[in-house]
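S.K.: Mind looking over this structure? Questions follow.
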Amino acid sequence: MVDYKQRHGLLTSFTEMMEKLIIELLNDNKINFHSVTSRVKEESSLYKNLSESTEEITELEDIHDLAGLRITTYFSDDVDLVAAIIEKEFDIDEQNSVDKRSLLDPDRFGYLSIHYVVKLTETRSKLAEYKRFVKCQAEIQIRSILQHAWAEIEHDLGYKTSHAVPKHIRRQFSRLAGLLEVADDEFLRIRDSLLKYEKEVSSKIISSPEEVLINQASLRAFIEESEIVKELDLKIASFQKVGITEATSLDTRIKQLHCVNVETIADLDALLHREAENILKFAEMWLTGTTDKRPFERGICIFYLNYILISKQKSIEKVVEYLERGAIGGRGEKKELARRILATYSKLSKI
């Protein structure tokens with residue numbers, strides 16, 4: 001057999017290239033994945049495997065897992081989407097590839113994954129940057145994050161087959177495997193329910209806003225579609241002559257709204273209309289003299305609405321509490337910031 005040291009460098013380059021290529025392919029296909037990891041088998045591990053093997057192996061090409069990659073998805077149904085991409089983009093060694101999920105009998109414990117042995121396609125291997133990898137192959141595993149968690153823990157325990165585990169402990173493994181399978185399915189249901197809610201929330205905001213609690217999906221829909229938000233945001237941005245960008249800090253904005261007891265979209269819409277003039281005056285005074293020219297996030301008017309609402313309590317302690325709960329201001333700055341907020345509101349009240 002050719003000395004493995006002569007191939008290790010090439011396999012390392014091949015594996016690094018494959019990892020980058022797979023990440024690119026997943027991103028191009030808009031697959032949301034947890035991780036893509038890779039490794040090249042160490043020489044000591046190779047020769048240990050060879051010494052334990054019952055097969056006659058004379059060529060390195062007969063060993064399929066010298067280069068290995070693992071793709072971990074968030075959801076179990078994404079495993080099949082990733083598998084379809086791998087089948088399309090690489091030359092699959094059908095004889096040595098297997099969907100081990102189909103081998104999972106009801107009385108077996110543990111999670112299994114899809115394993116492919118692949119090479120570059122003929123078209124890709126003709127490209128200059130890939131020519132040197134024409135004879136290289138890799139094993140690719142695809143599994144969900146829960147399947148991966150199971151496999152890692154199972155591996156750490158050191159038992160590779162169910163028969164190696166005492167019977168009473170095997171029953172515990174089986175129960176836990178069932179729970180993980182249920183969890184994988186439940187995560188799918190939660191994801192699908194959230195997607196359905198996001199599609200329906202806009203129409204519900206129109207038909208019955210008083211029933212729509214403020215959460216990430218409802219607040220995003222409201223911010224993106226509300227005319228009063230658009231109008232106020234544009235006027236506030238004009239004070240600084242800056243633009244408006246997409247909202248990214250919705251979690252923080254939701255916390256801030258809950259701090260001032262704004263719970264529904266109807267409440268928020270009513271307050272924005274009622275306080276529209278005060279919001280603009282407060283923002284203009286607040287921004288006077290500010291040289292920061294970064295664009296505002298969509299929904300900036302809600303930020304100033306909250307300052308007005310908390311200022312109505314006329315308590316520096318309440319404003320400081322709001323700043324702490326709303327993650328506003330740095331350490332040691334909150335009391336001074338609270339004084340400035342109350343002072344600005346006081347000026348507003350005298351206009």
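Lettering and numbering for the structure tokens are positional, with chains as A, B, ... in the shown order, residues counted from 1 in each chain, and ligands counted from 1 in the shown order.
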Skip Asn278 of chain A itself and residues of its chain fewer than 4 positions away, then list as a ChimeraX atom specification all residues within 8 Å of it, counting only C-alpha atoms.

M.R.: /A:282,308,348

S.K.: Please produce a file of those selected residues containing N, CA and C atoms, as a PDB file, in the first residue's frame.

M.R.:
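Ended up saving to selection28.pdb:
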```
ATOM      1  N   PHE A 282     -40.161  64.948  20.627  1.00  0.00           N
ATOM      2  CA  PHE A 282     -39.171  64.347  21.534  1.00  0.00           C
ATOM      3  C   PHE A 282     -37.942  63.919  20.744  1.00  0.00           C
ATOM      4  N   ILE A 308     -41.348  58.279  25.993  1.00  0.00           N
ATOM      5  CA  ILE A 308     -42.448  59.153  26.430  1.00  0.00           C
ATOM      6  C   ILE A 308     -43.310  58.449  27.465  1.00  0.00           C
ATOM      7  N   LEU A 348     -40.689  68.936  26.600  1.00  0.00           N
ATOM      8  CA  LEU A 348     -41.783  68.605  25.680  1.00  0.00           C
ATOM      9  C   LEU A 348     -43.115  69.050  26.258  1.00  0.00           C
TER      10      LEU A 348
END
```

S.K.: Would you kindly return, as a count of residues only, each protein, DNA or RNA residue with an atom no farther than 6 Å from any atom of Ile265 of chain A, considering only C-alpha atoms and excluding same-chain residues fewer than 4 positions away?

M.R.: 3

S.K.: Quick one: everything within 12 Å of Ser349 of chain A, counting only C-alpha atoms, minus sequence neighbours fewer than 6 positions away in the same chain. Send it as a VMD selection string.

M.R.: chain A and resid 277 to 279 281 to 282 308 311 to 312 314 342 to 343

S.K.: Find the residues near Ala149 of chain A: any atom within 12 Å, counting only C-alpha atoms, skip ones fewer than 5 places away on the same chain, and give them as a PyMOL selection string.

M.R.: chain A and resi 72-74+110-113+143-144+154-156+177+180+184

S.K.: Excluding same-chain residues fewer than 3 positions from Ala237 of chain A, what lies within 10 Å of it counting only C-alpha atoms, as a list in words?

M.R.: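 So the residues in contact are Leu232, Asp233, Leu234, Gln240, Lys241, Val242, Gly243, Ile244, Ala283, Glu284, Lys293, Arg294, Pro295, Phe296, Glu297, Arg298, Ile300 and Cys301 of chain A.
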
S.K.: Can you write just those residues out, C-alpha atoms, as a short mmCIF file (atom, residue, chain, number, x, y, z; two decimals), in the first residue's frame?

M.R.:
```cif
data_model
loop_
_atom_site.label_atom_id
_atom_site.label_comp_id
_atom_site.auth_asym_id
_atom_site.auth_seq_id
_atom_site.Cartn_x
_atom_site.Cartn_y
_atom_site.Cartn_z
CA LEU A 232 -43.05 58.71 11.81
CA ASP A 233 -39.86 56.79 10.96
CA LEU A 234 -39.26 58.82 7.82
CA GLN A 240 -30.52 63.40 10.90
CA LYS A 241 -30.69 63.11 7.11
CA VAL A 242 -30.16 59.36 7.30
CA GLY A 243 -31.93 56.32 5.86
CA ILE A 244 -34.06 53.52 7.30
CA ALA A 283 -37.04 62.73 18.81
CA GLU A 284 -36.09 66.10 17.31
CA LYS A 293 -25.08 59.43 10.88
CA ARG A 294 -25.86 55.72 11.04
CA PRO A 295 -29.28 54.84 9.53
CA PHE A 296 -32.17 54.10 11.89
CA GLU A 297 -33.84 50.73 12.07
CA ARG A 298 -37.44 50.55 10.96
CA ILE A 300 -37.43 53.82 15.56
CA CYS A 301 -40.61 55.73 16.38
#
```

S.K.: Please give the complete set of residues from segment 69-276 of chain A that DSSP, run on the backbone, assigns to helix (DSSP H, G or I), formatted as a PyMOL selection string.

M.R.: chain A and resi 76-89+94-96+100-103+122-125+131-133+145-157+162-164+167-207+209-211+216-225+227-240+250-259+265-274+276

S.K.: Neighbours of Ala183 of chain A within 9 Å (only C-alpha atoms; same-chain residues fewer than 5 positions away dropped), as a PyMOL selection string?

M.R.: chain A and resi 146+178+188

S.K.: Would you output that residue set with C-alpha atoms, as a PDB file, in the first residue's frame?

M.R.:
```pdb
ATOM      1  CA  LEU A 146     -30.657  15.775  17.757  1.00  0.00           C
ATOM      2  CA  GLY A 178     -38.029   7.282  21.344  1.00  0.00           C
ATOM      3  CA  LEU A 188     -40.865  20.238  13.005  1.00  0.00           C
TER       4      LEU A 188
END
```

S.K.: To one decimal place in Å, what is the distance between atom CA of Met17 of chain A and atom CA of Ser38 of chain A?

M.R.: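 Computing the Euclidean distance for atom CA of Met17 of chain A and atom CA of Ser38 of chain A yields 10.1 Å.
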
S.K.: List every residue of segment 223-324 of chain A that has an atom at most 12 Å from any atom of segment 199-204 of chain A, and for each one report the closest atom pair and its distance in Å to one decimal, counting only C-alpha atoms, with rows sorted by chain and then by increasing residue number, as a Markdown table.

M.R.:
```
| residue | atom | partner | partner_atom | distance |
| --- | --- | --- | --- | --- |
| A:Ile223 | CA | A:Ser202 | CA | 10.6 |
| A:Glu224 | CA | A:Ser202 | CA | 9.8 |
| A:Glu225 | CA | A:Ser202 | CA | 8.2 |
| A:Ser226 | CA | A:Ser202 | CA | 10.2 |
| A:Thr264 | CA | A:Lys204 | CA | 12.0 |
| A:Ile265 | CA | A:Lys204 | CA | 10.2 |
| A:Ala266 | CA | A:Lys204 | CA | 11.0 |
```

S.K.: Include C-alpha atoms and write out the residues we just selected as a short mmCIF file (atom, residue, chain, number, x, y, z; two decimals), in the first residue's frame.

M.R.:
```cif
data_model
loop_
_atom_site.label_atom_id
_atom_site.label_comp_id
_atom_site.auth_asym_id
_atom_site.auth_seq_id
_atom_site.Cartn_x
_atom_site.Cartn_y
_atom_site.Cartn_z
CA ILE A 223 -43.58 47.59 11.62
CA GLU A 224 -43.34 46.60 7.96
CA GLU A 225 -46.96 47.36 7.07
CA SER A 226 -48.13 50.18 9.36
CA THR A 264 -51.17 44.09 21.97
CA ILE A 265 -50.80 45.47 18.47
CA ALA A 266 -54.02 47.45 18.97
#
```

S.K.: In Å, rounded to a single decimal, give me how far atom CA of Val260 of chain A is from atom CA of Tyr307 of chain A.

M.R.: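 Between atom CA of Tyr307 of chain A and atom CA of Val260 of chain A the gap is 9.1 Å.
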
S.K.: Using DSSP on the backbone coordinates, identify the residues of segment 172-344 of chain A assigned to strand (DSSP E); present them as a list in words.

M.R.: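 These are the residues in question: Ile244, Thr245, Phe296 and Glu297 of chain A.
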
S.K.: Just give me the gap between atom CA of Ser238 of chain A and atom CA of Gly289 of chain A in Å, one decimal is fine.

M.R.: 14.0 Å

S.K.: With only C-alpha atoms as the counted atoms, please give the residues lying no more than 12 Å from Lys30 of chain A, apart from itself and same-chain residues fewer than 2 positions off, as a count of residues only.

M.R.: 12
